[in-house]
Amino acid sequence: MPTERKSSAMSRGHALACVGAVAMNAYREAVRARILHGLLAFALAACGYSVIVASLSVDQQARVVSDVGSASISLSAVLVAIVLGATALYRELELKTIFPILARPIRRHEYLIGKYLGILLTLFVFVAIDGAVVLGLLALETDASPPAVLCAAGALAVALALLLVRFRRARVAVLVPWSACAFAVMAVLAAPAGANRQVVIASAVLTLSEVAIITAVATLFSSFSSPFLTAMFTLSVFLIGRSADTLAHLPVHQVGAGIKRIASVIAHVVPNLQVYVPTRPILLGQVPDVHVWPLVAKGALQAGAYAVVMLALASLIFRRRDFT
């Protein structure tokens with residue numbers, strides 16, 4: 001019995017090591033992708049646009065920055081999830097680099113899960129950096145001290161530069177703790193924004209939950225399809241998911257009973273992604289009997305469960321795929 005337990009523990013340790021190695025490799029490849037840099041620039045430009053729009057409003061600057069900033073985080077993160085989820089696996093197949101990897105003692109489902117986690121880690125860094133910028137702008141638009149915000153931003157930039165110089169062989173890896181630290185620092189400095197800060201933080205967490213589902217869906221389609229079809233299928237699931245409530249409540253007298261049943265089935269099969277874009281009053285805690293953070297936690301748990309199901313299906317398909 002002790003020998004069997006030791007062997008089982010070693011097997012689990014080996015599996016975790018394989019998944020971790022694939023995840024870090026996928027993360028490094030994704031971070032260096034030019035399209036990711038372009039989407040990050042788009043997200044940051046949207047944040048700058050929110051400041052311009054806020055300057056045109058009267059006594060609503062913080063609200064405009066939080067709303068536009070949260071929307072830019074959600075949209076850009078979904079685009080990143082679709083692009084990376086559709087291309088990450090195909091790139092390995094096209095370059096034939098998957099063959100020496102699978103020739104090693106690593107199972108196909110471990111490789112697939114590692115790819116998924118690597119993309120998810122990339123999205124975490126993306127959302128954290130974008131969210132830190134939004135929170136910093138929100139702090140500047142409220143009663144926070146501008147010198148304190150600018151000094152904190154400068155200190156974070158200097159810290160990043162030092163980390164990149166100190167850890168040359170792990171430059172992309174340092175972005176993970178640095179981005180989380182930047183988000184936390186800016187969240188503290190944006191405390192005077194009050195409820196608007198809560199909107200940004202809750203939206204960022206919900207966005208991570210949503211892209212966890214989107215990435216899992218893209219991983220499922222990429223296990224048997226081309227990048228173009230994977231992107232189209234994933235985008236379709238995203239659009240249907242964002243319209244799930246509408247599909248479930250189509251009026252029978254306008255669309256007919258047959259279409260109503262079909263729409264209802266579709267609405268119950270695809271994930272209801274409207275859960276991850278609640279209205280502003282809900283995020284502000286102004287809706288009776290709806291508490292923000294339990295709602296966020298429930299959404300995260302649902303996303304985790306749905307991702308597990310999608311990855312299980314993807315693993316079954318990928319295990320039977322013939323690469324010849």
# chains A, B, ... in the order shown; residues from 1 in each chain; ligands from 1
call {"tool": "residues_around", "arguments": {"residues": "region 155-168 of chain A", "least_positions_apart": "3", "cutoff": "7 Å", "atoms": "only C-alpha atoms", "output": "PyMOL selection string"}}
result
chain A and resi 151-152+171+174+178+182
call {"tool": "residues_around", "arguments": {"residues": "Val308 (chain A)", "least_positions_apart": "6", "cutoff": "10 Å", "atoms": "only C-alpha atoms", "output": "MDAnalysis selection string"}}
result
chainID A and resid 113 213 216 302 314
call {"tool": "closest_atom_pairs", "arguments": {"of": "region 181-232 of chain A", "to": "region 283-300 of chain A", "cutoff": "12 Å", "atoms": "only C-alpha atoms", "output": "CSV"}}
result
residue,atom,partner,partner_atom,distance
A:Ala193,CA,A:Leu284,CA,12.0
A:Gly194,CA,A:Leu284,CA,9.6
A:Ala195,CA,A:Leu284,CA,5.8
A:Asn196,CA,A:Leu284,CA,7.5
A:Arg197,CA,A:Leu284,CA,9.5
A:Gln198,CA,A:Leu284,CA,7.0
A:Val199,CA,A:Leu283,CA,5.5
A:Val200,CA,A:Leu283,CA,8.9
A:Ile201,CA,A:Leu283,CA,9.6
A:Ala202,CA,A:Val296,CA,6.9
A:Ser203,CA,A:Leu283,CA,8.0
A:Ala204,CA,A:Val296,CA,10.1
A:Val205,CA,A:Val296,CA,7.3
A:Leu206,CA,A:Val296,CA,6.3
A:Thr207,CA,A:Ala300,CA,9.6
A:Leu208,CA,A:Ala300,CA,8.3
A:Ser209,CA,A:Ala300,CA,5.2
A:Glu210,CA,A:Ala300,CA,8.2
A:Val211,CA,A:Ala300,CA,10.6
A:Ala212,CA,A:Ala300,CA,9.0
A:Ile213,CA,A:Ala300,CA,9.8
call {"tool": "write_last_selection", "arguments": {"atoms": "N, CA and C atoms", "output": "PDB file, in the first residue's frame"}}
result
ATOM      1  N   ALA A 193     -13.018  57.001  -5.056  1.00  0.00           N
ATOM      2  CA  ALA A 193     -14.063  56.844  -6.074  1.00  0.00           C
ATOM      3  C   ALA A 193     -15.253  56.052  -5.556  1.00  0.00           C
ATOM      4  N   GLY A 194     -15.076  55.338  -4.436  1.00  0.00           N
ATOM      5  CA  GLY A 194     -16.183  54.643  -3.805  1.00  0.00           C
ATOM      6  C   GLY A 194     -16.827  53.596  -4.679  1.00  0.00           C
ATOM      7  N   ALA A 195     -18.126  53.819  -4.961  1.00  0.00           N
ATOM      8  CA  ALA A 195     -18.908  52.831  -5.707  1.00  0.00           C
ATOM      9  C   ALA A 195     -18.383  52.634  -7.122  1.00  0.00           C
ATOM     10  N   ASN A 196     -17.824  53.674  -7.729  1.00  0.00           N
ATOM     11  CA  ASN A 196     -17.291  53.537  -9.084  1.00  0.00           C
ATOM     12  C   ASN A 196     -16.083  52.603  -9.108  1.00  0.00           C
ATOM     13  N   ARG A 197     -15.305  52.607  -8.049  1.00  0.00           N
ATOM     14  CA  ARG A 197     -14.195  51.654  -7.949  1.00  0.00           C
ATOM     15  C   ARG A 197     -14.730  50.234  -7.865  1.00  0.00           C
ATOM     16  N   GLN A 198     -15.818  50.052  -7.126  1.00  0.00           N
ATOM     17  CA  GLN A 198     -16.422  48.727  -7.025  1.00  0.00           C
ATOM     18  C   GLN A 198     -16.888  48.235  -8.384  1.00  0.00           C
ATOM     19  N   VAL A 199     -17.408  49.138  -9.210  1.00  0.00           N
ATOM     20  CA  VAL A 199     -17.850  48.768 -10.556  1.00  0.00           C
ATOM     21  C   VAL A 199     -16.687  48.217 -11.362  1.00  0.00           C
ATOM     22  N   VAL A 200     -15.542  48.884 -11.320  1.00  0.00           N
ATOM     23  CA  VAL A 200     -14.380  48.461 -12.108  1.00  0.00           C
ATOM     24  C   VAL A 200     -13.829  47.130 -11.602  1.00  0.00           C
ATOM     25  N   ILE A 201     -13.680  46.994 -10.287  1.00  0.00           N
ATOM     26  CA  ILE A 201     -13.104  45.762  -9.729  1.00  0.00           C
ATOM     27  C   ILE A 201     -14.021  44.566  -9.993  1.00  0.00           C
ATOM     28  N   ALA A 202     -15.314  44.746  -9.734  1.00  0.00           N
ATOM     29  CA  ALA A 202     -16.254  43.637  -9.973  1.00  0.00           C
ATOM     30  C   ALA A 202     -16.312  43.281 -11.455  1.00  0.00           C
ATOM     31  N   SER A 203     -16.283  44.295 -12.317  1.00  0.00           N
ATOM     32  CA  SER A 203     -16.311  44.029 -13.759  1.00  0.00           C
ATOM     33  C   SER A 203     -15.067  43.277 -14.210  1.00  0.00           C
ATOM     34  N   ALA A 204     -13.915  43.613 -13.633  1.00  0.00           N
ATOM     35  CA  ALA A 204     -12.673  42.928 -13.998  1.00  0.00           C
ATOM     36  C   ALA A 204     -12.730  41.452 -13.604  1.00  0.00           C
ATOM     37  N   VAL A 205     -13.244  41.156 -12.408  1.00  0.00           N
ATOM     38  CA  VAL A 205     -13.354  39.764 -11.966  1.00  0.00           C
ATOM     39  C   VAL A 205     -14.352  38.996 -12.834  1.00  0.00           C
ATOM     40  N   LEU A 206     -15.480  39.628 -13.141  1.00  0.00           N
ATOM     41  CA  LEU A 206     -16.481  38.986 -13.990  1.00  0.00           C
ATOM     42  C   LEU A 206     -15.951  38.771 -15.406  1.00  0.00           C
ATOM     43  N   THR A 207     -15.138  39.702 -15.884  1.00  0.00           N
ATOM     44  CA  THR A 207     -14.533  39.544 -17.208  1.00  0.00           C
ATOM     45  C   THR A 207     -13.602  38.343 -17.239  1.00  0.00           C
ATOM     46  N   LEU A 208     -12.809  38.163 -16.192  1.00  0.00           N
ATOM     47  CA  LEU A 208     -11.942  36.986 -16.121  1.00  0.00           C
ATOM     48  C   LEU A 208     -12.761  35.697 -16.128  1.00  0.00           C
ATOM     49  N   SER A 209     -13.893  35.708 -15.434  1.00  0.00           N
ATOM     50  CA  SER A 209     -14.756  34.527 -15.422  1.00  0.00           C
ATOM     51  C   SER A 209     -15.334  34.269 -16.811  1.00  0.00           C
ATOM     52  N   GLU A 210     -15.749  35.336 -17.479  1.00  0.00           N
ATOM     53  CA  GLU A 210     -16.331  35.170 -18.812  1.00  0.00           C
ATOM     54  C   GLU A 210     -15.309  34.649 -19.807  1.00  0.00           C
ATOM     55  N   VAL A 211     -14.100  35.216 -19.790  1.00  0.00           N
ATOM     56  CA  VAL A 211     -13.094  34.767 -20.758  1.00  0.00           C
ATOM     57  C   VAL A 211     -12.599  33.368 -20.431  1.00  0.00           C
ATOM     58  N   ALA A 212     -12.758  32.924 -19.183  1.00  0.00           N
ATOM     59  CA  ALA A 212     -12.435  31.531 -18.867  1.00  0.00           C
ATOM     60  C   ALA A 212     -13.364  30.597 -19.632  1.00  0.00           C
ATOM     61  N   ILE A 213     -14.640  30.992 -19.755  1.00  0.00           N
ATOM     62  CA  ILE A 213     -15.593  30.198 -20.538  1.00  0.00           C
ATOM     63  C   ILE A 213     -15.276  30.297 -22.022  1.00  0.00           C
TER      64      ILE A 213
END
call {"tool": "closest_residue", "arguments": {"among": "A:His109, A:Arg28, A:Lys260, A:Arg63", "to": "Ala88 (chain A)", "atoms": "only C-alpha atoms"}}
result
A:Arg28
call {"tool": "atom_distance", "arguments": {"atom1": "CA of Asp143 (chain A)", "atom2": "CA of Leu40 (chain A)"}}
result
27.8 Å
call {"tool": "residues_around", "arguments": {"residues": "Arg242 (chain A)", "least_positions_apart": "2", "cutoff": "9 Å", "atoms": "only C-alpha atoms", "output": "ChimeraX atom specification"}}
result
/A:237-240,244-246,271-277
call {"tool": "select_by_dssp", "arguments": {"residues": "region 141-322 of chain A", "states": "alpha helix (DSSP H)", "output": "number ranges by chain"}}
result
A: 141, 146-166, 175-189, 195-222, 227-242, 244-248, 252-255, 257-269, 280-283, 292-319
